[in-house]
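Here is the structure we will look at, set down as structure tokens.
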Amino acid sequence: MSVSSEDKKLRLDKDDSTPGKYWGRDEKRLWGASLFISCASLYTTRSVMPMSIVSVAKDVHWDKVQKGTVLSAFFWGYCMTQVLGGYLSDRIGGDIVLIVSATGWALITFWTPFIIKLSSDQHTAMVLVVISRVLLGCFQGVHFPSVTSIVCRKVNDQERSLIYSFITSGSQLGILICGSVGSILLERFGWSSVFYVSGCAGICWVFFLKYYLVAQQRKKQIVLSMKDNIVAGEKSHTDSGAVPWLLFFRKPPFWAIIVAHFCHTNAFFILFSWLPTYFHDNFPDAKGWVFNVVPWIVTIPSAILGGHLADLLIRKGYSVTFTRKFLETLSQVPLAICLLLIGQNLHSYTNSVILMTIAVSASSLHKAGVMVNSTDISPRHPGSVMDYKFGGCICLSSCIS
């Protein structure tokens, strides 16, 4: 996960003197908050099916194999668009990719209840649901490569870990919202309402992104082009050239982040997808809002603290290599230990909640470790490198099913 001297030729966009290259303070706050909300909305829609799967399965008579098929179908689609999402984000801009993808996953989430009930034949209905889940994964697969591409191009090295960790910690807020508000909607209005509300929230964010945030950015770019004559400079920020894949494939740091991200993804999504089912099967009398909320409460401050710690270590003179490895160790070791203990702890509800809380909290430190590492080894192609880190989801789909 280090950046060796022979890789310096990959880092061609380090000229900080270009006007308008990085966000100013106000832009940083506006875009940071907006992308934070985007991650929250993304994970709200992603959490709906795992949280509602027990109720949905009871209503439409799915067995455990069918539930596993529905949950795992998402990850097959999620893997398909990683390369495309990273490539397009580096070439045409992550904001454009975000608008298109968010429109897709928000609408699919909204229409999921209709898809489930579209056919009276269970086999046909299952096929339609699986297809919709694959498409949902396809649209959501481009999100984080797009966010990574935007942050790498608009935030300097000294602040990147904190801002990236803050933005991506929105995913934990999304899980928290779905677990709390979603649990209330589920109990009072049925599982369909959770899909409708989360889908509508995603559509609202798309309108804000397209008609306010991106429109405002385009106006600023036009003004800068007229005043400072930086048209060519702005073009160079999105036109990154060909991705040197052969060079990447020969570098141990590239493979290190793939392996590390696979390990994290495999552990995290087992918790994410099967957490409600685990508690429902082993502690059937437990309140859903407790185990859907409590483990995720501490993850947002944990993720932000991890980003702050990473930036602090770098400012103190520690190498980027040491910083990323240190944060990743703090993430992976407690997560692995908690997973082992959870598998043996089937009788104590309190201990299970505590272990889950520690596990998901530790997993959030991954954001300041390997997850932001693609911006270190290749600032010109962060989205493209980011997509290969998500290759672990391919094996994860088989694991979940």
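Residue numbering restarts at 1 in every chain; chains get A, B, ... in the order shown in the structure tokens, and ligands count up from 1 in that same order.
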task = Compile the contact shell of Gly32 of chain A as an MDAnalysis selection string: residues with an atom at most 12 Å away, counting only C-alpha atoms, same-chain residues fewer than 2 positions apart removed.
result = chainID A and resid 23:30 34:39 147 150:151 154:155 159:160 162:170 213
Which residues of segment 269-369 of chain A come within 10 Å of segment 69-80 of chain A, and what is each one's closest atom pair and distance in Å (one decimal), counting only C-alpha atoms, sorted by chain and residue number, as JSON lines?
{"residue": "A:Phe269", "atom": "CA", "partner": "A:Phe75", "partner_atom": "CA", "distance": 9.7}
{"residue": "A:Ser273", "atom": "CA", "partner": "A:Leu71", "partner_atom": "CA", "distance": 7.0}
{"residue": "A:Trp274", "atom": "CA", "partner": "A:Leu71", "partner_atom": "CA", "distance": 9.0}
Take the residues that were just selected and, keeping C-alpha atoms, output them as a PDB file, in the first residue's frame.
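This is the output file out.pdb:
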ATOM      1  CA  PHE A 269     -21.310  -7.356   3.984  1.00  0.00           C
ATOM      2  CA  SER A 273     -26.797  -8.442   4.869  1.00  0.00           C
ATOM      3  CA  TRP A 274     -27.405 -11.044   7.575  1.00  0.00           C
TER       4      TRP A 274
END
inquiry  = Residues within 10 Å of Ser55 of chain A, please, as an NGL selection string. Count only C-alpha atoms; anything in the same chain fewer than 2 positions from it doesn't count.
reply    = :A and (49 or 51-53 or 57-62 or 186-187 or 190-192)
inquiry  = So that I can check the secondary structure, give me every residue of segment 1-141 of chain A assigned alpha helix (DSSP H) by backbone DSSP, as a PyMOL selection string.
reply    = chain A and resi 25-60+64-80+82-92+94-116+122-140
inquiry  = Between atom CA of Gly141 of chain A and atom CA of Thr81 of chain A, what distance in Å does the model show, to one decimal?
reply    =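 Result for atom CA of Gly141 of chain A versus atom CA of Thr81 of chain A: 5.5 Å, one decimal.
Distances to Val181 of chain A were evaluated for A:Val293, A:Ile314, A:Ile270, A:Val206 using only C-alpha atoms, and the minimum falls at A:Val293.
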